[in-house]
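Q: Sharing coords_31.tsv below, TSV, C-alpha atoms:
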chain	number	residue	atom	x	y	z
T	133	MET	CA	66.82	-22.34	170.63
T	134	ASN	CA	68.39	-25.46	169.16
T	135	GLY	CA	65.78	-25.35	166.40
T	136	LEU	CA	66.73	-21.79	165.53
T	137	PHE	CA	70.51	-22.20	165.45
T	138	GLY	CA	71.09	-25.94	165.61
T	139	TYR	CA	70.96	-26.56	161.89
T	140	PHE	CA	72.96	-23.63	160.59
T	141	THR	CA	74.91	-24.38	157.45
T	142	HIS	CA	78.45	-23.02	157.25
T	143	PHE	CA	77.25	-20.09	155.11
T	144	GLU	CA	74.34	-19.22	157.43
T	145	ALA	CA	76.69	-19.30	160.41
T	146	LEU	CA	79.06	-17.02	158.49
T	147	VAL	CA	76.27	-14.53	157.66
T	148	PHE	CA	75.09	-14.50	161.28
T	149	PHE	CA	78.64	-14.03	162.60
T	150	ALA	CA	79.39	-11.28	160.07
T	151	ALA	CA	76.21	-9.36	160.91
T	152	VAL	CA	76.65	-9.48	164.68
T	153	VAL	CA	80.37	-8.67	164.66
T	154	SER	CA	79.90	-5.84	162.12
T	155	ILE	CA	77.26	-4.19	164.30
T	156	THR	CA	79.44	-4.46	167.41
T	157	PHE	CA	82.52	-3.10	165.63
T	158	ALA	CA	80.45	-0.21	164.28
T	159	PHE	CA	79.33	0.78	167.78
T	160	LEU	CA	82.86	0.38	169.10
T	161	SER	CA	84.50	2.55	166.47
T	162	LYS	CA	81.99	5.09	165.13
T	163	ARG	CA	80.25	7.99	166.82
T	164	THR	CA	77.12	8.81	164.85
T	165	ASN	CA	74.32	6.51	163.78
T	166	ILE	CA	74.83	7.18	160.07
T	167	GLU	CA	78.54	6.36	160.36
T	168	ARG	CA	77.65	3.19	162.24
T	169	LEU	CA	75.15	2.16	159.58
T	170	LYS	CA	77.68	2.64	156.78
T	171	TYR	CA	80.40	0.84	158.70
T	172	THR	CA	78.09	-2.09	159.50
T	173	PHE	CA	77.14	-2.43	155.84
T	174	PHE	CA	80.69	-2.35	154.50
T	175	ALA	CA	82.18	-4.53	157.24
T	176	PHE	CA	79.41	-7.09	156.68
T	177	LEU	CA	80.10	-7.14	152.95
T	178	ALA	CA	83.85	-7.37	153.57
T	179	PHE	CA	83.41	-10.34	155.90
T	180	LEU	CA	81.35	-12.17	153.29
T	181	LEU	CA	83.57	-11.33	150.33
T	182	VAL	CA	86.80	-12.24	152.11
T	183	ALA	CA	85.36	-15.52	153.40
T	184	ILE	CA	84.01	-16.49	149.98
T	185	GLY	CA	87.30	-15.42	148.36
T	186	ILE	CA	89.38	-17.52	150.75
T	187	GLY	CA	86.95	-20.39	150.17
T	188	TRP	CA	87.58	-20.19	146.43
T	189	LEU	CA	91.34	-19.99	146.96
T	190	MET	CA	91.22	-23.15	149.08
T	191	PHE	CA	88.95	-24.99	146.64
T	192	PRO	CA	91.79	-26.63	144.60
T	193	PHE	CA	93.21	-28.21	147.78
T	194	SER	CA	89.93	-30.01	148.45
T	195	GLN	CA	90.17	-31.99	145.18
C	91	MET	CA	69.43	8.72	174.35
C	92	ASP	CA	72.24	9.29	171.89
C	93	ASP	CA	75.56	7.86	173.04
C	94	THR	CA	77.37	10.83	171.62
C	95	VAL	CA	75.84	13.20	174.18
C	96	ARG	CA	78.67	13.76	176.61
C	97	THR	CA	76.61	15.45	179.32
C	98	GLU	CA	74.88	12.19	180.25
C	99	THR	CA	78.10	10.51	181.23
C	100	ALA	CA	79.21	10.37	184.82
C	101	LYS	CA	82.60	11.95	185.52
C	102	GLY	CA	85.37	9.45	184.89
C	103	SER	CA	87.69	7.99	187.50
C	104	PRO	CA	89.96	4.92	187.70
C	105	THR	CA	87.56	3.27	190.15
C	106	MET	CA	84.63	3.89	187.84
C	107	GLY	CA	86.61	2.46	184.95
C	108	ILE	CA	87.47	-0.73	186.83
C	109	ALA	CA	83.91	-1.12	188.13
C	110	ALA	CA	82.49	-0.68	184.63
C	111	ALA	CA	85.00	-3.15	183.20
C	112	ILE	CA	84.19	-5.84	185.79
C	113	ALA	CA	80.44	-5.28	185.38
C	114	GLY	CA	80.77	-5.38	181.60
C	115	TRP	CA	82.72	-8.60	181.74
C	116	LEU	CA	80.24	-10.31	184.06
C	117	ILE	CA	77.16	-9.24	182.10
C	118	PRO	CA	77.84	-7.94	178.59
C	119	GLY	CA	76.67	-4.33	178.31
C	120	LEU	CA	76.30	-3.77	182.06
C	121	GLY	CA	79.44	-1.63	182.18
C	122	HIS	CA	77.99	0.72	179.59
C	123	LEU	CA	74.66	0.68	181.40
C	124	ILE	CA	76.39	1.90	184.57
C	125	LEU	CA	78.01	4.64	182.49
C	126	ARG	CA	74.59	5.60	181.05
C	127	ARG	CA	75.41	4.54	177.51
C	128	TRP	CA	72.00	3.01	177.02
C	129	THR	CA	72.17	2.23	173.31
C	130	LYS	CA	75.63	0.71	173.46
C	131	ALA	CA	74.66	-1.36	176.50
C	132	ALA	CA	71.64	-2.82	174.69
C	133	VAL	CA	73.53	-3.46	171.45
C	134	TYR	CA	76.48	-5.14	173.18
C	135	PHE	CA	74.24	-7.31	175.33
C	136	LEU	CA	72.18	-8.41	172.34
C	137	CYS	CA	75.16	-9.03	170.04
C	138	VAL	CA	77.37	-10.85	172.53
C	139	GLY	CA	74.35	-12.72	173.92
C	140	ALA	CA	73.18	-13.76	170.45
C	141	LEU	CA	76.63	-15.04	169.49
C	142	ALA	CA	77.06	-16.93	172.77
C	143	CYS	CA	73.56	-18.43	172.70
C	144	ALA	CA	73.97	-19.43	169.04
C	145	GLY	CA	77.30	-21.09	169.84
C	146	LEU	CA	75.77	-23.05	172.70
C	147	ALA	CA	72.62	-23.93	170.74
C	148	MET	CA	74.83	-25.31	167.98
C	149	ARG	CA	76.33	-27.52	170.68
C	150	GLY	CA	79.72	-25.91	170.49
C	151	GLY	CA	82.46	-26.90	172.91
C	152	VAL	CA	83.21	-24.80	176.00
C	153	PHE	CA	86.82	-24.95	177.17
C	154	GLY	CA	87.49	-25.74	180.83
C	155	SER	CA	90.14	-24.24	183.09
C	156	GLY	CA	92.12	-27.49	183.34
C	157	ALA	CA	93.37	-27.48	179.75
C	158	GLU	CA	97.03	-28.40	179.27
C	159	ASP	CA	97.27	-27.66	175.56
C	160	LEU	CA	98.13	-24.04	174.69
C	161	PHE	CA	95.29	-23.69	172.19
C	162	ASP	CA	92.80	-25.08	174.69
C	163	ARG	CA	94.06	-22.59	177.26
C	164	LEU	CA	93.61	-19.74	174.77
C	165	GLY	CA	90.14	-21.11	174.07
C	166	PHE	CA	89.41	-21.07	177.78
C	167	PHE	CA	90.37	-17.39	178.07
C	168	ALA	CA	88.32	-16.54	174.99
C	169	ASP	CA	85.27	-18.38	176.35
C	170	LEU	CA	85.71	-16.84	179.79
C	171	GLY	CA	85.38	-13.41	178.18
C	172	SER	CA	81.66	-13.92	177.69
C	173	GLY	CA	81.14	-13.67	181.46
C	174	ILE	CA	77.80	-14.96	182.67
C	175	PHE	CA	77.24	-16.93	179.47
C	176	TYR	CA	80.36	-18.97	180.28
C	177	PHE	CA	79.22	-19.70	183.82
C	178	LEU	CA	75.70	-20.61	182.69
C	179	ALA	CA	76.82	-22.61	179.65
C	180	HIS	CA	75.63	-25.88	181.16
C	181	GLN	CA	72.15	-24.43	181.72
C	182	PHE	CA	71.93	-23.35	178.09
C	183	GLN	CA	73.34	-26.64	176.85
C	184	PRO	CA	71.85	-29.53	178.85
C	185	ALA	CA	72.80	-32.12	176.21
C	186	GLY	CA	76.44	-31.04	176.29
C	187	PRO	CA	78.72	-30.20	173.35
C	188	ASP	CA	78.84	-32.20	170.13
C	189	VAL	CA	81.89	-31.15	168.16
C	190	ALA	CA	81.95	-34.35	166.10
C	191	HIS	CA	79.63	-32.55	163.67
C	192	ALA	CA	80.49	-29.42	161.71
C	193	THR	CA	77.69	-27.43	163.37
C	194	GLY	CA	79.17	-28.08	166.80
C	195	ASP	CA	82.56	-26.94	165.57
C	196	TYR	CA	81.04	-23.69	164.26
C	197	GLY	CA	79.35	-23.29	167.63
C	198	THR	CA	82.72	-23.55	169.41
C	199	ARG	CA	84.06	-20.68	167.28
C	200	LEU	CA	80.94	-18.54	167.73
C	201	PHE	CA	81.10	-18.90	171.52
C	202	ALA	CA	84.81	-18.00	171.58
C	203	ALA	CA	84.09	-15.02	169.30
C	204	ALA	CA	81.39	-13.86	171.74
C	205	GLY	CA	83.97	-13.87	174.53
C	206	MET	CA	86.54	-11.94	172.51
C	207	LEU	CA	83.91	-9.43	171.38
C	208	ASN	CA	82.87	-8.89	174.98
C	209	LEU	CA	86.47	-8.28	176.01
C	210	LEU	CA	86.61	-5.46	173.42
C	211	THR	CA	83.48	-3.91	174.90
C	212	VAL	CA	85.02	-4.27	178.38
C	213	LEU	CA	88.06	-2.30	177.24
C	214	GLU	CA	85.78	0.42	175.90
C	215	ALA	CA	83.77	0.48	179.13
C	216	TYR	CA	87.01	0.87	181.09
C	217	ASP	CA	88.11	3.66	178.79
C	218	ILE	CA	84.82	5.55	179.12
C	219	GLY	CA	84.68	5.03	182.90
C	220	HIS	CA	88.25	6.18	183.26
C	221	GLY	CA	87.37	9.34	181.39
C	222	GLY	CA	89.55	8.68	178.38
C	223	GLU	CA	86.85	8.49	175.76
C	224	SER	CA	85.03	11.48	174.36
C	225	LYS	CA	82.30	9.88	172.28
What would you get if you wrote out this structure as structure tokens?
A:
Amino acid sequence: MNGLFGYFTHFEALVFFAAVVSITFAFLSKRTNIERLKYTFFAFLAFLLVAIGIGWLMFPFSQ
Amino acid sequence: MDDTVRTETAKGSPTMGIAAAIAGWLIPGLGHLILRRWTKAAVYFLCVGALACAGLAMRGGVFGSGAEDLFDRLGFFADLGSGIFYFLAHQFQPAGPDVAHATGDYGTRLFAAAGMLNLLTVLEAYDIGHGGESK
């Protein structure tokens, strides 16, 4: 198991987190499978875009 | 098999809600399994389990009950939310946590997120068991 997850980069960990949490939120909040699929897709994209956006906003402070 | 089929659900009661909530906290998805929400039970177990196992495999920290700092105490409650994964953390992680590296720090967050996610599913299990949910 360590070999599978032990060397995640920050981005890989983010993608994994976004996927798992999006699926769970979809099942918590939507009733039909098609609604769940759409919600998972958009929530996953939103997680990634927001995280990358915040990363870019913080970039000047790292210099 | 579809979770939206209402006829499969046992009639709700406060006792059923509490039983489902406790079961769902101890083993993610078990509350929904008791309430015959097969798909949700499987999805919640796999998602919470995957997050918790990933967090432990990344050698994330697990907060203990003796924390004096407020953030550590919040971390303890978040971790505790993952139920059996919290109690078996030492079995999954024989080498112990390593938060000196970034991967271990990510693991700490993933494990806490698993606990918080499971608490959301516990609330839903309580709601369904209590009879307050129609889906």
Q: If you take all atoms listed in the file and a cut-off of 6 Å, which residues of chain C touch chain T, and what are their nearest atom pairs and distances in Å to one decimal, in chain and number order, as a tab-separated table?
A:
residue	atom	partner	partner_atom	distance
C:Cys137	CA	T:Val152	CA	5.6
C:Ala144	CA	T:Phe137	CA	5.7
C:Ala147	CA	T:Asn134	CA	4.8
C:Met148	CA	T:Gly138	CA	4.5
Q: Quote the spacing between atom CA of Tyr176 of chain C and atom CA of Ala183 of chain T in Å to one decimal place.
A: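 Between atom CA of Tyr176 of chain C and atom CA of Ala183 of chain T the gap works out to 27.6 Å.
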Q: Using atom CA of Ala111 of chain C and atom CA of Arg163 of chain C as the two end points, give the distance in Å to one decimal.
A: 22.3 Å
Q: At a cut-off of 12 Å, using all atoms listed in the file, what residues contact Ala109 of chain C? Leave out same-chain residues fewer than 2 positions from it and give the result as a PyMOL selection string.
A: chain C and resi 102-107+111-116+120-125+212-213+215-220
Q: Give me, please, the distance in Å between atom CA of Leu136 of chain C and atom CA of Asp188 of chain C, quoted to one decimal.
A: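 About the pair atom CA of Leu136 of chain C and atom CA of Asp188 of chain C: they are 24.8 Å apart.
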Q: Report, as lines of an AutoDock Vina configuration file, the axis-aligned box around all atoms of segment 153-170 of chain T present in the file, extended by 8 Å on each side; give centre and edge lengths in Å to one decimal place.
A:
center_x = 79.4
center_y = 0.1
center_z = 162.9
size_x = 26.2
size_y = 33.5
size_z = 28.3
Q: Find the residue from C:Ala168, C:Ala157, C:Leu209, C:Cys143 that sits nearest to Gly197 of chain C; use all atoms listed in the file when measuring.
A: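 Closest candidate: C:Cys143.
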Q: Generate N, CA and C atoms for segment 153-172 of chain T and emit them as a PDB file, in the coordinates of the input.
A:
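Saved to selection.pdb:
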ATOM      1  N   VAL T 153      79.058  -9.282 164.405  1.00  0.00           N
ATOM      2  CA  VAL T 153      80.370  -8.670 164.660  1.00  0.00           C
ATOM      3  C   VAL T 153      80.462  -7.293 163.995  1.00  0.00           C
ATOM      4  N   SER T 154      79.876  -7.145 162.807  1.00  0.00           N
ATOM      5  CA  SER T 154      79.900  -5.840 162.120  1.00  0.00           C
ATOM      6  C   SER T 154      79.178  -4.779 162.948  1.00  0.00           C
ATOM      7  N   ILE T 155      78.020  -5.148 163.490  1.00  0.00           N
ATOM      8  CA  ILE T 155      77.260  -4.190 164.300  1.00  0.00           C
ATOM      9  C   ILE T 155      78.068  -3.785 165.533  1.00  0.00           C
ATOM     10  N   THR T 156      78.669  -4.772 166.198  1.00  0.00           N
ATOM     11  CA  THR T 156      79.440  -4.460 167.410  1.00  0.00           C
ATOM     12  C   THR T 156      80.646  -3.588 167.089  1.00  0.00           C
ATOM     13  N   PHE T 157      81.361  -3.919 166.023  1.00  0.00           N
ATOM     14  CA  PHE T 157      82.520  -3.100 165.630  1.00  0.00           C
ATOM     15  C   PHE T 157      82.090  -1.678 165.295  1.00  0.00           C
ATOM     16  N   ALA T 158      80.934  -1.547 164.645  1.00  0.00           N
ATOM     17  CA  ALA T 158      80.450  -0.210 164.280  1.00  0.00           C
ATOM     18  C   ALA T 158      80.203   0.633 165.526  1.00  0.00           C
ATOM     19  N   PHE T 159      79.602   0.026 166.551  1.00  0.00           N
ATOM     20  CA  PHE T 159      79.330   0.780 167.780  1.00  0.00           C
ATOM     21  C   PHE T 159      80.606   1.048 168.568  1.00  0.00           C
ATOM     22  N   LEU T 160      81.598   0.172 168.395  1.00  0.00           N
ATOM     23  CA  LEU T 160      82.860   0.380 169.100  1.00  0.00           C
ATOM     24  C   LEU T 160      83.678   1.515 168.471  1.00  0.00           C
ATOM     25  N   SER T 161      83.552   1.657 167.153  1.00  0.00           N
ATOM     26  CA  SER T 161      84.500   2.550 166.470  1.00  0.00           C
ATOM     27  C   SER T 161      83.899   3.815 165.888  1.00  0.00           C
ATOM     28  N   LYS T 162      82.582   3.906 165.771  1.00  0.00           N
ATOM     29  CA  LYS T 162      81.990   5.090 165.130  1.00  0.00           C
ATOM     30  C   LYS T 162      81.095   5.849 166.104  1.00  0.00           C
ATOM     31  N   ARG T 163      80.951   7.140 165.863  1.00  0.00           N
ATOM     32  CA  ARG T 163      80.250   7.990 166.820  1.00  0.00           C
ATOM     33  C   ARG T 163      78.786   8.217 166.478  1.00  0.00           C
ATOM     34  N   THR T 164      78.501   8.466 165.202  1.00  0.00           N
ATOM     35  CA  THR T 164      77.120   8.810 164.850  1.00  0.00           C
ATOM     36  C   THR T 164      76.409   7.595 164.238  1.00  0.00           C
ATOM     37  N   ASN T 165      75.091   7.651 164.276  1.00  0.00           N
ATOM     38  CA  ASN T 165      74.320   6.510 163.780  1.00  0.00           C
ATOM     39  C   ASN T 165      74.523   6.270 162.281  1.00  0.00           C
ATOM     40  N   ILE T 166      74.656   7.345 161.512  1.00  0.00           N
ATOM     41  CA  ILE T 166      74.830   7.180 160.070  1.00  0.00           C
ATOM     42  C   ILE T 166      76.189   6.545 159.765  1.00  0.00           C
ATOM     43  N   GLU T 167      77.208   6.973 160.526  1.00  0.00           N
ATOM     44  CA  GLU T 167      78.540   6.360 160.360  1.00  0.00           C
ATOM     45  C   GLU T 167      78.502   4.878 160.729  1.00  0.00           C
ATOM     46  N   ARG T 168      77.769   4.579 161.793  1.00  0.00           N
ATOM     47  CA  ARG T 168      77.650   3.190 162.240  1.00  0.00           C
ATOM     48  C   ARG T 168      76.951   2.315 161.202  1.00  0.00           C
ATOM     49  N   LEU T 169      75.910   2.909 160.600  1.00  0.00           N
ATOM     50  CA  LEU T 169      75.150   2.160 159.580  1.00  0.00           C
ATOM     51  C   LEU T 169      76.036   1.838 158.379  1.00  0.00           C
ATOM     52  N   LYS T 170      76.787   2.848 157.924  1.00  0.00           N
ATOM     53  CA  LYS T 170      77.680   2.640 156.780  1.00  0.00           C
ATOM     54  C   LYS T 170      78.752   1.613 157.121  1.00  0.00           C
ATOM     55  N   TYR T 171      79.328   1.758 158.300  1.00  0.00           N
ATOM     56  CA  TYR T 171      80.400   0.840 158.700  1.00  0.00           C
ATOM     57  C   TYR T 171      79.871  -0.591 158.792  1.00  0.00           C
ATOM     58  N   THR T 172      78.686  -0.752 159.380  1.00  0.00           N
ATOM     59  CA  THR T 172      78.090  -2.090 159.500  1.00  0.00           C
ATOM     60  C   THR T 172      77.925  -2.721 158.124  1.00  0.00           C
TER      61      THR T 172
END
